[in-house]
Amino acid sequence: MSNAATPVREAATQVTLASTVTHSAVFSITGLRKSYGGQQVVAGLDLRVERGTCFGILGPNGAGKTTTLKLSLGLIQPDAGTIEVLGHAVPADARIARQRVGVVPQMDNLDPDFTVAENLLVYGRYFGLSDAAARSRIPALLEFANLTAKADARIQTLSGGMKRRLTLARALVNDPDLIILDEPTTGLDPQARHMIWERLRQLVAQGKTLILTTHFMEEAERLCTRLAVIDHGKKIAEGSPRELIGRHIEPEVVEVYGDGVEAWADARAQSLSERVEKSGETVFCYTHDATGLVNDLAHHATLRCLRRPANLEDVFIKLTGRELRD
Amino acid sequence: MRYDFSFPRLSPRFIPVWRRNFLVWKKLAGASILGNIADPMIALVAFGYGLGSLMPQVEGVPYIQFLAAGTICMSAMNAATFEAMYSAFSRMHVQRTWDGIMNAPVDLDDVMLGELIWAATKSCMSGAAIMLVVWLLGLANGALSLLILPVILLTGLAFAGLGLIINAFARGYDFFQYYFTLVITPMAFVSGVFFPAAQLPSWLQVCAQALPLTHAIELARPLLLGHAPATPLLNIAVLLAYALAGAYVATVVTRRRLLA
């Protein structure tokens, strides 16, 4: 029954999408597929990104995020599907497309033998910039990355946050229209992360288009105009952060933990909430109104609880499951 | 994935890749000069004068003069081989420099060409430096010896291609030790660097004729002494064949490694 209904619903979704698209897409992929050794890493993916927006690709480890980005840059060949980046067909015209794209890779690959400024100069040359043109761009890039004082510092002396900011500045050396970021804040401390977020918002405000992968829900919720959740190489949900939360999850969450939580969950939680999930020592109760739950919990002295509005992480967990991904 | 056998695309986009490596070299030139140039020079002088004083002339010239051409070719071989393996592997795999470059509008074919020409450039730098010392020691005769420079370039290109092929299969730096021990070192002994190849058993002489270093030395040794090589066209053709085939195969196998 549900199997038969699924294709109909998917078809309906696609019609809606098709009728709302505008001509301003700067990035689109359709029916994208890529397998490694018989295993589908990207399994029929469709994405469309509008100019001047920040588009987030969310997914657990191994969902196919990085492979999708590599395919989009023309660095690997797709098995099937079409890719268009800034009006150029990829991989056929990938090099022309990359002329107007900036990339922040997951792993830093700054040149360790060069200073901060030399990294920018050398990278500018790859885009065909003359030394004079590249040098003239360096001061503004350093200022954007808050690295002006570090212009002549060696890479080894930079902190993780500084390296990430330099990698971001390097991605801007060609003044790109589209910036692709693969987990831009992974491994950074909260202060460094907030600084990157602020810079990324500045770029969107300047009219740049951003595509970023992340598994930080807070990052996605704060930055992204629109999100796609992908898992096992397929898109399983798409929308603005608010839409995804509204569409997929009850508005209130109560997290309950403490001695006797199992017994309480079995006896009371089901009747007081729409949906209950157990994870480790915590019980998550999803509901439209948590007042009854909280009143009930007041009678259980050993239980502690946290009442909060539902967020993107709840959606993500609901869609991709709680089991560990390695 | 399947192999992409298409002919490497040649474009001036290799130039910024070459310039990147050159800038690193400029910054670290001290250690590089020491390793690439001082080492073979010490061996030339020590063996040439030390060992040479114990023996009669070799092929009609003092031993050091015989050894000079071999040393120049061997250091060209070593410089390109080292650069195309250890250094290229650092950039490809350890530092992920190539990944960064290929996110810009530069393709792997451009990176490969840049690396190939850069490794040959390193050959020229160390070969030419030793050549200079050879001139200063008065071991070279006449203007014909200047023609050694293009021989060094060709030798560098041949060994750069071979090194980049090995690089495409490496999982770590240790892998390169096999190639040095099994290929490069024996090649130096059978190609006539230290003694005339005529001393070898005849079957080994036949084998040596298939090796690029043999042909580099067959060109360089007479040129250094001021006379024309016996079979220059054959020697040039073999070196050129190694350079072109090496560059092509290296590009194909590296594409498979990185673009799969």
# chains A, B, ... in the order shown; residues from 1 in each chain; ligands from 1
>>> select_by_dssp(residues="stretch 117-192 of chain B", states="helix (DSSP H, G or I)", output="PyMOL selection string")
chain B and resi 117-136+143-169+175-190
>>> closest_atom_pairs(of="chain A", to="chain B", cutoff="7 Å", atoms="only C-alpha atoms", output="JSON lines")
{"residue": "A:Leu75", "atom": "CA", "partner": "B:Leu259", "partner_atom": "CA", "distance": 6.1}
{"residue": "A:Ile76", "atom": "CA", "partner": "B:Leu259", "partner_atom": "CA", "distance": 5.1}
{"residue": "A:Arg95", "atom": "CA", "partner": "B:Pro105", "partner_atom": "CA", "distance": 4.7}
{"residue": "A:Ile96", "atom": "CA", "partner": "B:Pro105", "partner_atom": "CA", "distance": 6.7}
{"residue": "A:Arg98", "atom": "CA", "partner": "B:Pro105", "partner_atom": "CA", "distance": 5.3}
{"residue": "A:Gln99", "atom": "CA", "partner": "B:Pro105", "partner_atom": "CA", "distance": 5.4}
{"residue": "A:Val103", "atom": "CA", "partner": "B:Asn103", "partner_atom": "CA", "distance": 6.4}
{"residue": "A:Asn109", "atom": "CA", "partner": "B:Arg96", "partner_atom": "CA", "distance": 5.4}
{"residue": "A:Asp111", "atom": "CA", "partner": "B:Thr97", "partner_atom": "CA", "distance": 6.8}
{"residue": "A:Asp113", "atom": "CA", "partner": "B:Val24", "partner_atom": "CA", "distance": 6.3}
{"residue": "A:Val122", "atom": "CA", "partner": "B:Arg20", "partner_atom": "CA", "distance": 6.4}
{"residue": "A:Arg125", "atom": "CA", "partner": "B:Pro16", "partner_atom": "CA", "distance": 5.8}
{"residue": "A:Tyr126", "atom": "CA", "partner": "B:Pro16", "partner_atom": "CA", "distance": 5.9}
{"residue": "A:Phe127", "atom": "CA", "partner": "B:Pro105", "partner_atom": "CA", "distance": 6.1}
>>> atom_distance(atom1="atom CA of A:Val104", atom2="atom CA of B:Asp110")
21.2 Å
>>> atom_distance(atom1="atom CA of A:Thr213", atom2="atom CA of B:Val111")
27.3 Å
>>> atom_distance(atom1="atom CA of A:Ser273", atom2="atom CA of A:Thr287")
4.9 Å
>>> residues_around(residues="A:Asp314", least_positions_apart="3", cutoff="9 Å", atoms="only C-alpha atoms", output="list in words")
Ile245, Ile249, Val253, Ala310, Asn311, Ile317, Lys318 and Leu319 of chain A
>>> residues_around(residues="A:Arg201", least_positions_apart="6", cutoff="12 Å", atoms="only C-alpha atoms", output="ChimeraX atom specification")
/A:52-54,194-195,207-210,219-220,222-225
>>> residues_around(residues="B:Ala79", least_positions_apart="4", cutoff="10 Å", atoms="only C-alpha atoms", output="PyMOL selection string")
chain B and resi 32+35-37+73-75+83-84+119-127+156+159-160
>>> closest_residue(among="A:Asp296, A:Leu32, A:Arg164, A:Arg307", to="A:Ala267", atoms="only C-alpha atoms")
A:Asp296
>>> closest_residue(among="A:Pro176, A:Gly260, A:Pro105, A:Gly280", to="A:Leu86", atoms="only C-alpha atoms")
A:Pro176
>>> residues_around(residues="B:Gly70", least_positions_apart="2", cutoff="7 Å", atoms="only C-alpha atoms", output="ChimeraX atom specification")
/B:67-68,72-74,192-194,217
>>> write_last_selection(atoms="C-alpha atoms", output="PDB file, in the first residue's frame")
ATOM      1  CA  LEU B  67      83.736   9.527 -14.665  1.00  0.00           C
ATOM      2  CA  ALA B  68      82.615  13.151 -15.195  1.00  0.00           C
ATOM      3  CA  ILE B  72      76.493  14.332 -14.722  1.00  0.00           C
ATOM      4  CA  CYS B  73      74.020  11.844 -16.235  1.00  0.00           C
ATOM      5  CA  MET B  74      73.549   9.973 -12.991  1.00  0.00           C
ATOM      6  CA  GLY B 192      78.653   2.782 -17.883  1.00  0.00           C
ATOM      7  CA  VAL B 193      78.701   5.469 -15.196  1.00  0.00           C
ATOM      8  CA  PHE B 194      81.671   4.065 -13.275  1.00  0.00           C
ATOM      9  CA  ILE B 217      75.996   8.425 -21.288  1.00  0.00           C
TER      10      ILE B 217
END
>>> residues_around(residues="stretch 48-52 of chain B", least_positions_apart="5", cutoff="9 Å", atoms="only C-alpha atoms", output="MDAnalysis selection string")
chainID B and resid 43 57 62:68
>>> select_by_dssp(residues="stretch 87-236 of chain A", states="strand (DSSP E)", output="PDB file with C-alpha atoms, in the first residue's frame")
ATOM      1  CA  HIS A  88      28.167  25.196 -18.053  1.00  0.00           C
ATOM      2  CA  ALA A  89      27.707  21.480 -18.533  1.00  0.00           C
ATOM      3  CA  VAL A  90      29.867  19.414 -16.160  1.00  0.00           C
ATOM      4  CA  VAL A 101      33.741  28.845  -8.563  1.00  0.00           C
ATOM      5  CA  GLY A 102      35.535  28.946  -5.208  1.00  0.00           C
ATOM      6  CA  VAL A 103      36.119  25.766  -3.235  1.00  0.00           C
ATOM      7  CA  VAL A 104      36.734  25.253   0.481  1.00  0.00           C
ATOM      8  CA  LEU A 178      29.495  30.270  -6.535  1.00  0.00           C
ATOM      9  CA  ILE A 179      31.339  29.024  -3.460  1.00  0.00           C
ATOM     10  CA  ILE A 180      31.323  25.347  -2.565  1.00  0.00           C
ATOM     11  CA  LEU A 181      32.233  24.486   1.024  1.00  0.00           C
ATOM     12  CA  ASP A 182      32.701  20.939   2.275  1.00  0.00           C
ATOM     13  CA  THR A 209      25.731  31.735  -3.942  1.00  0.00           C
ATOM     14  CA  LEU A 210      26.920  29.212  -1.365  1.00  0.00           C
ATOM     15  CA  ILE A 211      26.602  25.455  -1.321  1.00  0.00           C
ATOM     16  CA  LEU A 212      27.793  23.833   1.858  1.00  0.00           C
ATOM     17  CA  THR A 213      27.771  20.388   3.338  1.00  0.00           C
ATOM     18  CA  THR A 214      27.547  20.012   7.069  1.00  0.00           C
ATOM     19  CA  ARG A 226      17.314  26.013   1.831  1.00  0.00           C
ATOM     20  CA  LEU A 227      18.409  22.527   2.771  1.00  0.00           C
ATOM     21  CA  ALA A 228      18.430  19.064   1.312  1.00  0.00           C
ATOM     22  CA  VAL A 229      18.811  16.094   3.604  1.00  0.00           C
ATOM     23  CA  ILE A 230      20.501  13.234   1.792  1.00  0.00           C
ATOM     24  CA  ASP A 231      21.168   9.702   2.920  1.00  0.00           C
ATOM     25  CA  LYS A 234      19.336   9.980  -2.202  1.00  0.00           C
ATOM     26  CA  LYS A 235      17.505  13.135  -1.226  1.00  0.00           C
ATOM     27  CA  ILE A 236      15.036  12.360   1.526  1.00  0.00           C
TER      28      ILE A 236
END
>>> decode(residues="stretch 162-234 of chain A", atoms="C-alpha atoms", output="CSV table (one decimal), in the first residue's frame")
chain,number,residue,atom,x,y,z
A,162,MET,CA,43.1,30.9,11.0
A,163,LYS,CA,43.8,28.2,8.5
A,164,ARG,CA,40.1,27.8,7.7
A,165,ARG,CA,39.8,31.5,7.2
A,166,LEU,CA,42.8,31.5,4.9
A,167,THR,CA,41.3,28.6,2.9
A,168,LEU,CA,38.1,30.6,2.6
A,169,ALA,CA,40.0,33.7,1.5
A,170,ARG,CA,41.9,31.5,-1.0
A,171,ALA,CA,38.6,30.3,-2.4
A,172,LEU,CA,37.7,34.0,-3.1
A,173,VAL,CA,40.8,34.9,-5.0
A,174,ASN,CA,39.0,34.6,-8.3
A,175,ASP,CA,36.0,36.6,-7.1
A,176,PRO,CA,33.7,33.6,-7.6
A,177,ASP,CA,30.0,33.6,-8.2
A,178,LEU,CA,29.5,30.3,-6.5
A,179,ILE,CA,31.3,29.0,-3.5
A,180,ILE,CA,31.3,25.3,-2.6
A,181,LEU,CA,32.2,24.5,1.0
A,182,ASP,CA,32.7,20.9,2.3
A,183,GLU,CA,32.1,20.9,6.0
A,184,PRO,CA,33.6,24.4,6.5
A,185,THR,CA,33.7,24.4,10.3
A,186,THR,CA,34.4,20.8,11.2
A,187,GLY,CA,37.1,20.6,13.9
A,188,LEU,CA,36.9,24.3,14.9
A,189,ASP,CA,36.1,25.6,18.3
A,190,PRO,CA,32.9,27.6,18.9
A,191,GLN,CA,34.6,31.0,18.6
A,192,ALA,CA,36.3,30.1,15.3
A,193,ARG,CA,33.0,28.6,14.0
A,194,HIS,CA,31.0,31.8,14.7
A,195,MET,CA,33.6,33.9,12.9
A,196,ILE,CA,33.3,31.6,9.8
A,197,TRP,CA,29.5,31.8,10.0
A,198,GLU,CA,29.6,35.6,10.1
A,199,ARG,CA,31.9,35.7,7.0
A,200,LEU,CA,29.7,33.3,5.1
A,201,ARG,CA,26.7,35.5,5.9
A,202,GLN,CA,28.6,38.5,4.5
A,203,LEU,CA,29.2,36.6,1.3
A,204,VAL,CA,25.6,35.8,0.8
A,205,ALA,CA,24.8,39.5,1.6
A,206,GLN,CA,27.2,40.4,-1.3
A,207,GLY,CA,25.1,38.2,-3.6
A,208,LYS,CA,27.3,35.2,-3.8
A,209,THR,CA,25.7,31.7,-3.9
A,210,LEU,CA,26.9,29.2,-1.4
A,211,ILE,CA,26.6,25.5,-1.3
A,212,LEU,CA,27.8,23.8,1.9
A,213,THR,CA,27.8,20.4,3.3
A,214,THR,CA,27.5,20.0,7.1
A,215,HIS,CA,26.4,17.8,9.8
A,216,PHE,CA,26.1,20.7,12.3
A,217,MET,CA,22.4,21.3,12.5
A,218,GLU,CA,23.0,24.7,14.1
A,219,GLU,CA,25.2,25.7,11.2
A,220,ALA,CA,22.5,24.6,8.7
A,221,GLU,CA,19.7,26.3,10.6
A,222,ARG,CA,21.6,29.6,11.0
A,223,LEU,CA,23.1,29.9,7.5
A,224,CYS,CA,21.0,28.1,5.0
A,225,THR,CA,18.2,29.5,3.0
A,226,ARG,CA,17.3,26.0,1.8
A,227,LEU,CA,18.4,22.5,2.8
A,228,ALA,CA,18.4,19.1,1.3
A,229,VAL,CA,18.8,16.1,3.6
A,230,ILE,CA,20.5,13.2,1.8
A,231,ASP,CA,21.2,9.7,2.9
A,232,HIS,CA,22.5,6.7,1.0
A,233,GLY,CA,23.0,8.9,-2.0
A,234,LYS,CA,19.3,10.0,-2.2
